[in-house]
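Dropping query-v9.txt in here (compact mmCIF, C-alpha atoms):
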# COMPACT_ATOMS: atom_id res chain seq x y z
CA MET A 82 -42.33 -27.94 2.26
CA ALA A 83 -39.30 -25.68 2.02
CA ALA A 84 -37.11 -26.46 -1.01
CA LYS A 85 -35.23 -29.66 -0.36
CA ASP A 86 -31.72 -30.34 -1.54
CA GLY A 87 -31.77 -31.78 -5.07
CA SER A 88 -30.31 -35.06 -3.81
CA SER A 89 -33.67 -35.96 -2.21
CA PHE A 90 -34.92 -36.66 -5.76
CA ARG A 91 -32.55 -39.66 -5.91
CA MET A 92 -31.82 -39.08 -9.58
CA SER A 93 -29.05 -37.20 -11.37
CA ALA A 94 -29.65 -34.31 -13.77
CA LEU A 95 -28.27 -36.22 -16.77
CA PRO A 96 -31.54 -37.66 -18.18
CA ALA A 97 -33.29 -34.28 -17.76
CA ILE A 98 -30.42 -32.50 -19.57
CA ILE A 99 -30.52 -34.97 -22.48
CA ILE A 100 -34.32 -34.72 -22.80
CA ALA A 101 -34.15 -30.90 -22.64
CA GLN A 102 -31.57 -30.83 -25.48
CA LEU A 103 -33.72 -33.11 -27.64
CA LEU A 104 -36.80 -30.93 -26.96
CA GLY A 105 -34.81 -27.79 -27.83
CA ILE A 106 -33.78 -29.33 -31.16
CA ALA A 107 -37.39 -30.40 -31.79
CA ALA A 108 -38.72 -26.89 -31.02
CA ILE A 109 -36.32 -25.12 -33.40
CA THR A 110 -36.84 -27.75 -36.12
CA LEU A 111 -40.65 -27.50 -35.96
CA THR A 112 -40.42 -23.70 -35.96
CA LEU A 113 -38.17 -23.68 -39.04
CA VAL A 114 -40.48 -26.10 -40.86
CA TRP A 115 -43.37 -23.80 -39.97
CA LEU A 116 -41.73 -20.49 -40.97
CA LEU A 117 -39.73 -21.65 -44.02
CA HIS A 118 -42.01 -24.34 -45.40
CA LEU A 119 -45.59 -23.34 -44.50
CA ARG A 120 -44.95 -19.56 -44.31
CA GLU A 121 -42.92 -17.30 -46.61
CA GLY A 122 -39.63 -17.47 -44.71
CA VAL A 123 -37.78 -15.04 -42.49
CA ALA A 124 -36.02 -11.71 -43.14
CA LEU A 125 -35.27 -8.59 -41.09
CA ASP A 126 -34.87 -6.34 -44.13
CA SER A 127 -37.37 -7.18 -46.81
CA GLY A 128 -40.28 -5.63 -48.67
CA ASN A 129 -42.37 -8.65 -47.61
CA SER A 130 -43.80 -7.68 -44.23
CA GLN A 131 -44.72 -11.33 -43.50
CA LYS A 132 -41.01 -12.26 -43.52
CA LEU A 133 -40.38 -9.47 -41.03
CA PHE A 134 -43.21 -10.73 -38.84
CA ASN A 135 -41.88 -14.30 -39.03
CA ALA A 136 -38.49 -13.13 -37.76
CA HIS A 137 -40.15 -12.30 -34.41
CA PRO A 138 -41.06 -15.83 -33.21
CA LEU A 139 -37.81 -17.31 -34.60
CA LEU A 140 -35.57 -14.75 -32.85
CA MET A 141 -37.49 -14.97 -29.58
CA LEU A 142 -37.30 -18.77 -29.57
CA LEU A 143 -33.56 -18.72 -30.42
CA GLY A 144 -32.92 -16.03 -27.83
CA LEU A 145 -34.88 -15.89 -24.59
CA ILE A 146 -35.92 -19.54 -24.71
CA LEU A 147 -33.12 -21.63 -26.27
CA CYS A 148 -30.03 -19.50 -25.43
CA GLY A 149 -31.68 -18.66 -22.11
CA GLY A 150 -32.31 -22.35 -21.33
CA GLU A 151 -28.78 -23.37 -22.35
CA ALA A 152 -27.39 -20.55 -20.20
CA ILE A 153 -29.40 -21.84 -17.24
CA MET A 154 -28.11 -25.39 -17.82
CA ALA A 155 -24.51 -24.24 -18.48
CA TYR A 156 -23.42 -24.90 -14.86
CA LYS A 157 -24.24 -28.57 -15.46
CA THR A 158 -23.40 -28.96 -19.17
CA VAL A 159 -20.19 -26.94 -19.70
CA PRO A 160 -16.97 -28.76 -18.75
CA GLY A 161 -14.12 -26.98 -17.01
CA THR A 162 -13.70 -24.74 -14.00
CA ARG A 163 -16.50 -22.90 -12.25
CA ARG A 164 -15.08 -19.70 -13.79
CA THR A 165 -15.56 -21.11 -17.30
CA LYS A 166 -19.12 -22.23 -16.57
CA LYS A 167 -19.96 -18.80 -15.15
CA PHE A 168 -18.49 -17.07 -18.20
CA VAL A 169 -20.48 -19.25 -20.64
CA HIS A 170 -23.63 -18.70 -18.51
CA MET A 171 -23.15 -14.91 -18.74
CA LEU A 172 -22.30 -14.96 -22.47
CA LEU A 173 -25.28 -17.15 -23.45
CA HIS A 174 -27.64 -14.85 -21.54
CA LEU A 175 -26.11 -11.86 -23.38
CA LEU A 176 -26.66 -13.66 -26.70
CA ALA A 177 -30.25 -14.38 -25.61
CA LEU A 178 -30.77 -10.66 -24.97
CA ALA A 179 -29.24 -9.77 -28.37
CA PHE A 180 -31.65 -12.14 -30.17
CA GLY A 181 -34.47 -10.79 -28.00
CA GLY A 182 -33.61 -7.21 -28.95
CA LEU A 183 -33.65 -8.11 -32.66
CA GLY A 184 -36.96 -9.94 -32.15
CA LEU A 185 -38.43 -6.79 -30.57
CA TYR A 186 -37.09 -4.70 -33.46
CA ALA A 187 -38.77 -7.06 -35.97
CA ILE A 188 -42.20 -6.88 -34.37
CA PHE A 189 -42.13 -3.13 -33.70
CA LYS A 190 -41.05 -2.47 -37.33
CA PHE A 191 -43.82 -4.80 -38.55
CA GLN A 192 -46.41 -2.95 -36.44
CA ARG A 193 -45.12 0.45 -37.58
CA ASP A 194 -45.29 -0.60 -41.25
CA LEU A 195 -48.92 -1.61 -40.65
CA ASP A 196 -49.70 1.51 -38.57
CA ASP A 197 -50.90 -0.83 -35.80
CA PRO A 198 -50.80 0.49 -32.22
CA ASP A 199 -48.11 -1.15 -30.04
CA MET A 200 -48.26 -2.81 -26.63
CA ARG A 201 -51.98 -3.41 -26.33
CA THR A 202 -52.31 -7.20 -25.99
CA LEU A 203 -51.58 -9.41 -22.97
CA HIS A 204 -48.89 -11.13 -25.08
CA SER A 205 -47.11 -7.81 -25.63
CA TRP A 206 -47.28 -6.98 -21.92
CA LEU A 207 -45.99 -10.39 -20.86
CA GLY A 208 -43.26 -10.33 -23.51
CA MET A 209 -42.10 -6.79 -22.76
CA GLY A 210 -42.16 -7.51 -19.02
CA THR A 211 -40.07 -10.62 -19.62
CA ILE A 212 -37.37 -8.93 -21.71
CA CYS A 213 -37.11 -5.92 -19.37
CA LEU A 214 -36.72 -8.16 -16.31
CA TYR A 215 -34.25 -10.32 -18.28
CA ALA A 216 -32.07 -7.29 -19.04
CA LEU A 217 -32.34 -6.00 -15.47
CA GLN A 218 -31.40 -9.40 -14.04
CA TRP A 219 -28.41 -9.60 -16.41
CA VAL A 220 -27.10 -6.14 -15.49
CA ILE A 221 -27.52 -6.68 -11.73
CA ALA A 222 -25.86 -10.12 -11.96
CA PHE A 223 -22.99 -8.81 -14.10
CA PHE A 224 -22.07 -6.08 -11.63
CA SER A 225 -22.62 -8.33 -8.59
CA PHE A 226 -21.04 -11.62 -9.65
CA ILE A 227 -18.54 -10.61 -12.39
CA PHE A 228 -17.31 -7.01 -12.52
CA PRO A 229 -16.54 -5.37 -10.19
CA GLY A 230 -18.31 -7.99 -8.05
CA THR A 231 -19.55 -7.73 -4.49
CA THR A 232 -18.25 -9.34 -1.32
CA TYR A 233 -18.50 -13.13 -0.99
CA SER A 234 -21.15 -12.92 1.71
CA MET A 235 -23.29 -10.59 -0.41
CA ARG A 236 -22.96 -12.96 -3.36
CA ALA A 237 -24.02 -15.89 -1.19
CA ASN A 238 -27.08 -13.92 -0.09
CA MET A 239 -27.96 -12.95 -3.65
CA LYS A 240 -27.44 -16.34 -5.26
CA PRO A 241 -30.74 -18.04 -4.30
CA TRP A 242 -32.67 -14.92 -5.38
CA HIS A 243 -30.74 -14.78 -8.66
CA ALA A 244 -31.65 -18.42 -9.31
CA PHE A 245 -35.30 -17.94 -8.30
CA PHE A 246 -35.83 -14.82 -10.43
CA GLY A 247 -33.92 -16.49 -13.26
CA ALA A 248 -36.39 -19.39 -13.22
CA VAL A 249 -39.35 -16.97 -13.01
CA ILE A 250 -38.12 -14.87 -15.97
CA PHE A 251 -37.40 -18.02 -18.02
CA LEU A 252 -40.90 -19.37 -17.31
CA MET A 253 -42.35 -15.94 -18.19
CA ALA A 254 -40.56 -16.25 -21.56
CA ILE A 255 -42.21 -19.67 -22.07
CA CYS A 256 -45.60 -18.18 -21.14
CA SER A 257 -45.04 -15.26 -23.55
CA ALA A 258 -44.24 -17.74 -26.33
CA GLU A 259 -47.43 -19.71 -25.68
CA THR A 260 -49.60 -16.57 -25.67
CA GLY A 261 -47.85 -15.35 -28.84
CA LEU A 262 -48.55 -18.64 -30.66
CA VAL A 263 -52.19 -18.59 -29.54
CA GLN A 264 -52.81 -14.92 -30.23
CA LYS A 265 -51.75 -14.76 -33.84
CA PHE A 266 -52.63 -18.15 -35.23
CA ILE A 267 -56.22 -19.20 -35.44
CA PHE A 268 -56.34 -22.96 -35.95
CA VAL A 269 -56.07 -24.04 -39.57
CA GLY A 270 -55.40 -27.66 -40.58
CA ARG A 271 -51.76 -28.83 -40.66
CA GLU A 272 -50.33 -25.45 -39.71
CA GLY A 273 -52.56 -25.35 -36.62
CA LEU A 274 -51.36 -28.79 -35.55
CA LEU A 275 -47.73 -27.78 -36.13
CA ILE A 276 -48.16 -24.64 -34.02
CA ASN A 277 -49.77 -26.66 -31.21
CA PHE A 278 -46.80 -29.05 -31.25
CA ILE A 279 -44.35 -26.12 -31.19
CA GLY A 280 -46.18 -24.81 -28.11
CA ILE A 281 -46.08 -28.17 -26.33
CA THR A 282 -42.41 -28.71 -27.20
CA ILE A 283 -41.45 -25.26 -25.86
CA LEU A 284 -43.37 -25.91 -22.62
CA LEU A 285 -41.68 -29.29 -22.10
CA TYR A 286 -38.25 -27.76 -22.86
CA GLY A 287 -38.93 -25.27 -20.07
CA ILE A 288 -40.00 -27.97 -17.61
CA PHE A 289 -36.98 -30.21 -18.27
CA THR A 290 -34.59 -27.24 -18.13
CA ILE A 291 -35.83 -26.29 -14.66
CA LEU A 292 -35.75 -29.97 -13.58
CA SER A 293 -32.13 -30.29 -14.73
CA VAL A 294 -31.25 -27.31 -12.53
CA ILE A 295 -32.91 -28.83 -9.46
CA LEU A 296 -31.43 -32.32 -9.87
CA PRO A 297 -27.83 -32.87 -8.72
CA ARG A 298 -24.82 -33.60 -10.91
CA PRO A 299 -24.20 -37.35 -11.38
CA TYR A 300 -21.05 -37.36 -9.21
CA GLU A 301 -22.86 -35.61 -6.38
CA ASN A 302 -24.98 -38.72 -5.80
CA MET B 1317 -27.03 -24.98 -8.59
CA ALA B 1318 -28.93 -27.84 -7.05
CA ALA B 1319 -31.98 -26.63 -5.11
CA LYS B 1320 -30.81 -25.03 -1.90
CA ASP B 1321 -32.66 -25.21 1.37
CA GLY B 1322 -35.19 -22.38 1.60
CA SER B 1323 -33.34 -20.86 4.54
CA SER B 1324 -30.58 -19.63 2.19
CA PHE B 1325 -33.04 -16.96 1.02
CA ARG B 1326 -32.79 -15.36 4.49
CA MET B 1327 -36.46 -14.37 4.45
CA SER B 1328 -39.59 -16.06 5.77
CA ALA B 1329 -42.58 -17.04 3.65
CA LEU B 1330 -44.92 -14.61 5.42
CA PRO B 1331 -44.62 -11.60 3.04
CA ALA B 1332 -44.96 -13.88 0.00
CA ILE B 1333 -48.08 -15.53 1.48
CA ILE B 1334 -49.70 -12.13 2.21
CA ILE B 1335 -48.90 -10.80 -1.29
CA ALA B 1336 -50.22 -14.01 -2.88
CA GLN B 1337 -53.52 -13.69 -0.96
CA LEU B 1338 -53.93 -10.06 -2.04
CA LEU B 1339 -53.19 -11.00 -5.67
CA GLY B 1340 -55.71 -13.85 -5.49
CA ILE B 1341 -58.39 -11.44 -4.23
CA ALA B 1342 -57.44 -8.97 -6.98
CA ALA B 1343 -57.65 -11.66 -9.69
CA ILE B 1344 -61.12 -12.86 -8.69
CA THR B 1345 -62.39 -9.28 -8.22
CA LEU B 1346 -61.17 -8.16 -11.66
CA THR B 1347 -62.63 -11.31 -13.23
CA LEU B 1348 -66.03 -10.73 -11.59
CA VAL B 1349 -66.03 -7.07 -12.72
CA TRP B 1350 -65.21 -8.28 -16.22
CA LEU B 1351 -67.80 -11.08 -16.43
CA LEU B 1352 -70.68 -9.46 -14.47
CA HIS B 1353 -70.21 -5.81 -15.39
CA LEU B 1354 -68.70 -5.73 -18.90
CA ARG B 1355 -70.08 -9.09 -20.07
CA GLU B 1356 -73.54 -10.60 -19.59
CA GLY B 1357 -72.87 -12.55 -16.42
CA VAL B 1358 -72.37 -16.22 -15.66
CA ALA B 1359 -74.69 -19.25 -15.75
CA LEU B 1360 -74.29 -22.98 -16.29
CA ASP B 1361 -77.88 -23.53 -17.35
CA SER B 1362 -79.16 -20.69 -19.46
CA GLY B 1363 -80.45 -20.00 -22.95
CA ASN B 1364 -77.79 -17.28 -23.26
CA SER B 1365 -74.72 -19.12 -24.58
CA GLN B 1366 -72.49 -16.18 -23.63
CA LYS B 1367 -73.29 -16.78 -19.94
CA LEU B 1368 -72.32 -20.42 -20.38
CA PHE B 1369 -69.07 -19.40 -22.05
CA ASN B 1370 -68.33 -16.92 -19.24
CA ALA B 1371 -68.68 -19.68 -16.64
CA HIS B 1372 -65.54 -21.31 -18.12
CA PRO B 1373 -62.92 -18.68 -17.16
CA LEU B 1374 -64.58 -18.05 -13.77
CA LEU B 1375 -64.68 -21.74 -12.78
CA MET B 1376 -61.15 -22.39 -14.01
CA LEU B 1377 -59.81 -19.39 -12.08
CA LEU B 1378 -61.70 -20.42 -8.91
CA GLY B 1379 -60.61 -24.02 -9.30
CA LEU B 1380 -57.22 -24.92 -10.72
CA ILE B 1381 -55.67 -21.53 -9.95
CA LEU B 1382 -57.15 -20.16 -6.69
CA CYS B 1383 -58.12 -23.39 -4.88
CA GLY B 1384 -54.99 -25.01 -6.34
CA GLY B 1385 -52.78 -22.17 -5.10
CA GLU B 1386 -54.38 -22.17 -1.64
CA ALA B 1387 -53.96 -25.96 -1.48
CA ILE B 1388 -50.26 -25.56 -2.32
CA MET B 1389 -49.86 -22.91 0.40
CA ALA B 1390 -51.97 -24.85 2.96
CA TYR B 1391 -48.90 -26.39 4.61
CA LYS B 1392 -47.81 -22.84 5.53
CA THR B 1393 -51.18 -21.13 6.06
CA VAL B 1394 -53.37 -23.68 7.86
CA PRO B 1395 -52.87 -23.84 11.64
CA GLY B 1396 -52.88 -27.14 13.51
CA THR B 1397 -51.17 -30.48 13.17
CA ARG B 1398 -49.45 -31.76 10.05
CA ARG B 1399 -52.40 -34.14 9.64
CA THR B 1400 -54.84 -31.19 9.50
CA LYS B 1401 -52.70 -29.31 6.96
CA LYS B 1402 -52.46 -32.43 4.79
CA PHE B 1403 -56.22 -32.96 4.93
CA VAL B 1404 -56.95 -29.33 3.93
CA HIS B 1405 -54.33 -29.61 1.15
CA MET B 1406 -56.06 -32.72 -0.22
CA LEU B 1407 -59.56 -31.27 0.13
CA LEU B 1408 -58.71 -27.95 -1.56
CA HIS B 1409 -57.17 -29.84 -4.49
CA LEU B 1410 -60.34 -31.94 -4.75
CA LEU B 1411 -62.42 -28.75 -4.77
CA ALA B 1412 -60.10 -27.36 -7.46
CA LEU B 1413 -60.75 -30.46 -9.57
CA ALA B 1414 -64.52 -30.16 -9.04
CA PHE B 1415 -64.50 -26.53 -10.25
CA GLY B 1416 -62.22 -27.59 -13.11
CA GLY B 1417 -64.63 -30.34 -14.14
CA LEU B 1418 -67.55 -27.87 -14.16
CA GLY B 1419 -65.40 -25.43 -16.16
CA LEU B 1420 -64.73 -28.15 -18.73
CA TYR B 1421 -68.45 -28.99 -18.86
CA ALA B 1422 -69.26 -25.31 -19.53
CA ILE B 1423 -66.87 -24.93 -22.44
CA PHE B 1424 -67.70 -28.31 -24.04
CA LYS B 1425 -71.44 -27.53 -23.81
CA PHE B 1426 -70.81 -24.08 -25.30
CA GLN B 1427 -68.84 -25.60 -28.20
CA ARG B 1428 -71.49 -28.27 -28.76
CA ASP B 1429 -74.27 -25.65 -28.85
CA LEU B 1430 -72.26 -23.79 -31.50
CA ASP B 1431 -71.35 -26.98 -33.40
CA ASP B 1432 -67.68 -25.95 -33.07
CA PRO B 1433 -65.05 -28.70 -33.20
CA ASP B 1434 -63.38 -29.38 -29.81
CA MET B 1435 -59.73 -29.60 -28.78
CA ARG B 1436 -58.09 -27.88 -31.73
CA THR B 1437 -56.30 -24.87 -30.21
CA LEU B 1438 -53.07 -24.76 -28.22
CA HIS B 1439 -55.11 -23.39 -25.29
CA SER B 1440 -57.37 -26.45 -25.33
CA TRP B 1441 -54.35 -28.80 -25.46
CA LEU B 1442 -52.58 -27.01 -22.62
CA GLY B 1443 -55.75 -26.82 -20.55
CA MET B 1444 -56.75 -30.45 -21.07
CA GLY B 1445 -53.18 -31.58 -20.38
CA THR B 1446 -53.22 -29.58 -17.16
CA ILE B 1447 -56.49 -30.95 -15.80
CA CYS B 1448 -55.63 -34.57 -16.72
CA LEU B 1449 -52.24 -34.32 -14.99
CA TYR B 1450 -53.94 -32.58 -12.04
CA ALA B 1451 -56.39 -35.47 -11.61
CA LEU B 1452 -53.64 -38.07 -12.06
CA GLN B 1453 -51.42 -36.34 -9.48
CA TRP B 1454 -54.35 -36.17 -7.03
CA VAL B 1455 -55.21 -39.86 -7.39
CA ILE B 1456 -51.59 -41.02 -7.08
CA ALA B 1457 -51.04 -38.75 -4.07
CA PHE B 1458 -54.27 -39.87 -2.39
CA PHE B 1459 -53.38 -43.56 -2.57
CA SER B 1460 -49.73 -42.95 -1.67
CA PHE B 1461 -49.94 -40.39 1.13
CA ILE B 1462 -53.46 -40.86 2.54
CA PHE B 1463 -55.27 -44.12 1.94
CA PRO B 1464 -54.10 -46.83 2.12
CA GLY B 1465 -50.71 -45.06 2.00
CA THR B 1466 -47.30 -46.50 1.19
CA THR B 1467 -44.32 -47.15 3.44
CA TYR B 1468 -42.58 -44.17 5.03
CA SER B 1469 -39.45 -44.61 2.90
CA MET B 1470 -41.51 -44.71 -0.30
CA ARG B 1471 -43.34 -41.54 0.78
CA ALA B 1472 -40.03 -39.81 1.46
CA ASN B 1473 -38.85 -40.78 -2.03
CA MET B 1474 -42.05 -39.58 -3.67
CA LYS B 1475 -42.38 -36.29 -1.80
CA PRO B 1476 -39.90 -34.16 -3.80
CA TRP B 1477 -41.41 -35.45 -7.07
CA HIS B 1478 -44.94 -34.77 -5.80
CA ALA B 1479 -43.88 -31.18 -4.99
CA PHE B 1480 -42.05 -30.70 -8.31
CA PHE B 1481 -44.91 -32.02 -10.46
CA GLY B 1482 -47.36 -30.07 -8.32
CA ALA B 1483 -45.50 -26.84 -9.13
CA VAL B 1484 -45.31 -27.81 -12.84
CA ILE B 1485 -49.04 -28.56 -13.07
CA PHE B 1486 -49.91 -25.34 -11.19
CA LEU B 1487 -47.71 -23.30 -13.56
CA MET B 1488 -49.32 -25.12 -16.53
CA ALA B 1489 -52.71 -23.95 -15.21
CA ILE B 1490 -51.37 -20.37 -15.11
CA CYS B 1491 -50.09 -20.75 -18.68
CA SER B 1492 -53.45 -22.18 -19.82
CA ALA B 1493 -55.22 -19.18 -18.27
CA GLU B 1494 -52.92 -16.73 -20.09
CA THR B 1495 -53.42 -18.46 -23.45
CA GLY B 1496 -57.18 -18.60 -22.84
CA LEU B 1497 -57.36 -14.87 -22.13
CA VAL B 1498 -55.27 -14.08 -25.22
CA GLN B 1499 -57.04 -16.49 -27.55
CA LYS B 1500 -60.59 -15.34 -27.11
CA PHE B 1501 -60.31 -11.63 -26.46
CA ILE B 1502 -58.98 -9.37 -29.16
CA PHE B 1503 -58.00 -6.06 -27.57
CA VAL B 1504 -60.86 -3.59 -27.22
CA GLY B 1505 -60.62 -0.48 -25.05
CA ARG B 1506 -61.40 -0.83 -21.33
CA GLU B 1507 -62.24 -4.52 -21.55
CA GLY B 1508 -58.90 -5.21 -23.19
CA LEU B 1509 -57.06 -3.39 -20.42
CA LEU B 1510 -59.04 -5.26 -17.77
CA ILE B 1511 -58.21 -8.61 -19.37
CA ASN B 1512 -54.50 -7.70 -19.53
CA PHE B 1513 -54.57 -6.84 -15.82
CA ILE B 1514 -56.36 -10.13 -15.02
CA GLY B 1515 -53.58 -11.96 -16.89
CA ILE B 1516 -50.80 -10.11 -15.05
CA THR B 1517 -52.50 -10.62 -11.66
CA ILE B 1518 -52.88 -14.37 -12.27
CA LEU B 1519 -49.22 -14.66 -13.29
CA LEU B 1520 -48.03 -12.80 -10.18
CA TYR B 1521 -50.31 -14.93 -7.97
CA GLY B 1522 -48.56 -17.99 -9.40
CA ILE B 1523 -45.09 -16.56 -8.80
CA PHE B 1524 -45.78 -15.58 -5.18
CA THR B 1525 -47.48 -18.90 -4.45
CA ILE B 1526 -44.41 -20.83 -5.59
CA LEU B 1527 -42.14 -18.40 -3.70
CA SER B 1528 -44.13 -18.94 -0.50
CA VAL B 1529 -43.55 -22.69 -0.87
CA ILE B 1530 -39.79 -22.27 -1.27
CA LEU B 1531 -39.33 -19.83 1.62
CA PRO B 1532 -39.23 -21.24 5.15
CA ARG B 1533 -41.79 -20.72 7.90
CA PRO B 1534 -41.02 -17.73 10.14
CA TYR B 1535 -40.09 -19.87 13.14
CA GLU B 1536 -37.67 -21.92 11.07
CA ASN B 1537 -35.36 -18.89 10.73

Could you render the structure as structure tokens?
Amino acid sequence: MAAKDGSSFRMSALPAIIIAQLLGIAAITLTLVWLLHLREGVALDSGNSQKLFNAHPLLMLLGLILCGGEAIMAYKTVPGTRRTKKFVHMLLHLLALAFGGLGLYAIFKFQRDLDDPDMRTLHSWLGMGTICLYALQWVIAFFSFIFPGTTYSMRANMKPWHAFFGAVIFLMAICSAETGLVQKFIFVGREGLLINFIGITILLYGIFTILSVILPRPYEN
Amino acid sequence: MAAKDGSSFRMSALPAIIIAQLLGIAAITLTLVWLLHLREGVALDSGNSQKLFNAHPLLMLLGLILCGGEAIMAYKTVPGTRRTKKFVHMLLHLLALAFGGLGLYAIFKFQRDLDDPDMRTLHSWLGMGTICLYALQWVIAFFSFIFPGTTYSMRANMKPWHAFFGAVIFLMAICSAETGLVQKFIFVGREGLLINFIGITILLYGIFTILSVILPRPYEN
């Protein structure tokens, strides 16, 4: 089947948006409980290298996944003109990239402090691929859709590809998060359970975010 | 954006289908090199527990990912009537489930032989979730679309959801594969590189499979 119009689902995006928001809140809450309560906390500038390490999953979740997901949903969740929605979409993706950059800094500094070699694991390849494509997509979209902007017919041609690659990069971020959780944390008791639930919550957040994009606005029904 | 018709991409599915097939061949080739050449080989019934363990990634790749992906693409790749395409789609998914069941048997037997507790890691949760949803989706689809089948209007209502959940379950299988590769194999030299490339190839196979579903048939242009 070629992609059908969202209206063929006979349901509006509203329930998916609400569930995605609840899952986003659950993911960040579980992650904070994990890092602050079961681990030593989070810091970018500290003698405790564990705090530096912990900054990596927190910043990546806040950035590429939560800000990224909210940016994707902004066209449905932000009130106002199309111009406003587009501006919030662009700004949230920029914020996502800023968090992502800090998250990269944290993990590279942690590895350097430990004299560990960088970029060897599948998680590091997936993660680096994700953030590079994310930045590339942002830059191309900024110059095409915002400033200076291309012709209307070029934008119309680019839009489905922008949306498709956006979904791919977002799902790559989810996949990077899952591999990161699995790679570093061998199962131990309550912490293991918590980490599994963080992984499931992040995955479901991704699924409902994409669903909310596919489904039509309520008033389009 | 609500999902646009595939024709707005202004490209046919043919290049995506060809690339997906090449990536599928690459993924199975790399995996066979890994398991047969760098590891001890594969067996379901052997005194060597490593061979039993190795059967798990091979069967899961053959099943939920490769047969699953080919089943998804069958509507575009199989010649003949819609009835033929649908039958091949159903049969390939059944084959995927059969491989998946054997893959589960292999890993549970391996864990039992080692007296390891089951179902503790995020990979095991993701993987078990995937195969259960896969089986559920197959059963629901079989009774709705094939035998005895529901009314035409019910089928039309179900079809977009069947396609959406199909894509979700397929991407969950990809994500399970990535976490499985990362969980068990700490980076070591050539084998580590090979495993990273297997992971990247599987991810790209998933992306091009979904793309080939979204893009229209050549003659629809």

Practice problem: Could you give me, as a PyMOL selection string, the residues within 9 Å of range 273-275 of chain A, counting only C-alpha atoms and dropping anything in the same chain fewer than 5 positions from it? | Solution: (chain A and resi 111-112+114-115+266-268+280) or (chain B and resi 1436-1438)

Quiz item: Given the choices B:Leu1382, B:Leu1339, B:Ile1447, B:Met1327, which gets closest to chain A if the distance is worked out from only C-alpha atoms?
Solution: B:Met1327

Practice problem: Have a look at CA of Ile221 in chain A and CA of Met141 in chain A and let me know their distance in Å, one decimal. | Solution: 22.1 Å

Practice problem: Return as a PyMOL selection string the residues belonging to chain B that are within 7 Å of chain A, counting only C-alpha atoms. | Solution: chain B and resi 1317-1322+1324-1325+1436-1438+1473+1476-1477+1491+1494-1495+1498-1499+1503+1512+1515+1529-1532

Self-check item: Coordinates-based distance that separates CA of Gln102 in chain A from CA of Gly149 in chain A (Å, one decimal)
Solution: 12.6 Å

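As for CA of Gly1416 in chain B and CA of Leu1330 in chain B, they are spaced 28.5 Å apart.
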
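With distances restricted to only C-alpha atoms, A:Phe251 is the closest residue to Tyr286 in chain A from A:Arg236, A:Ala187, A:Thr165, A:Phe251.
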
Quiz item: Do you know which residues are at most 8 Å from range 1404-1410 of chain B counting all atoms listed in the file, after dropping those on the same chain fewer than 6 positions away, and could you put them as a ChimeraX atom specification?
Solution: /B:1380,1383-1384,1386-1388,1390-1391,1394,1454,1458

Quiz item: Hey, which of A:Ile188, A:Leu117, A:Leu140, A:Ile227 ends up closest to Phe168 in chain A? Count all atoms listed in the file.
Solution: A:Ile227

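Closest approach to Asn135 in chain A among A:Gly247, A:Gly184, A:Gly150, A:Gly161 is made by A:Gly184 (distances from only C-alpha atoms).
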
Quiz prompt | Radius query 6 Å about (-46.6, -16.0, -2.4), atoms used: all atoms listed in the file, as a ChimeraX atom specification | solution = /B:1332-1333,1335-1336,1524-1525,1527-1528

Atoms kept (C-alpha atoms) for range 1412-1435 of chain B, as a PDB file, in the first residue's frame:
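Output below, filename selection39.pdb:
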ATOM      1  CA  ALA B1412       8.946 -15.316   9.792  1.00  0.00           C
ATOM      2  CA  LEU B1413       7.011 -16.447  12.868  1.00  0.00           C
ATOM      3  CA  ALA B1414       8.255 -20.038  12.450  1.00  0.00           C
ATOM      4  CA  PHE B1415      11.893 -18.869  12.335  1.00  0.00           C
ATOM      5  CA  GLY B1416      11.156 -16.558  15.270  1.00  0.00           C
ATOM      6  CA  GLY B1417       9.730 -19.438  17.303  1.00  0.00           C
ATOM      7  CA  LEU B1418      12.837 -21.548  16.618  1.00  0.00           C
ATOM      8  CA  GLY B1419      15.014 -18.557  17.542  1.00  0.00           C
ATOM      9  CA  LEU B1420      13.175 -18.260  20.861  1.00  0.00           C
ATOM     10  CA  TYR B1421      13.589 -22.004  21.453  1.00  0.00           C
ATOM     11  CA  ALA B1422      17.350 -21.693  20.852  1.00  0.00           C
ATOM     12  CA  ILE B1423      17.885 -18.884  23.332  1.00  0.00           C
ATOM     13  CA  PHE B1424      15.604 -20.337  26.037  1.00  0.00           C
ATOM     14  CA  LYS B1425      17.362 -23.728  25.740  1.00  0.00           C
ATOM     15  CA  PHE B1426      20.748 -21.986  25.916  1.00  0.00           C
ATOM     16  CA  GLN B1427      19.697 -20.086  29.061  1.00  0.00           C
ATOM     17  CA  ARG B1428      18.266 -23.237  30.633  1.00  0.00           C
ATOM     18  CA  ASP B1429      21.492 -25.168  29.959  1.00  0.00           C
ATOM     19  CA  LEU B1430      23.393 -22.364  31.702  1.00  0.00           C
ATOM     20  CA  ASP B1431      20.842 -22.069  34.531  1.00  0.00           C
ATOM     21  CA  ASP B1432      20.560 -18.354  33.684  1.00  0.00           C
ATOM     22  CA  PRO B1433      17.335 -16.566  34.626  1.00  0.00           C
ATOM     23  CA  ASP B1434      15.151 -15.657  31.606  1.00  0.00           C
ATOM     24  CA  MET B1435      13.533 -12.389  30.531  1.00  0.00           C
TER      25      MET B1435
END
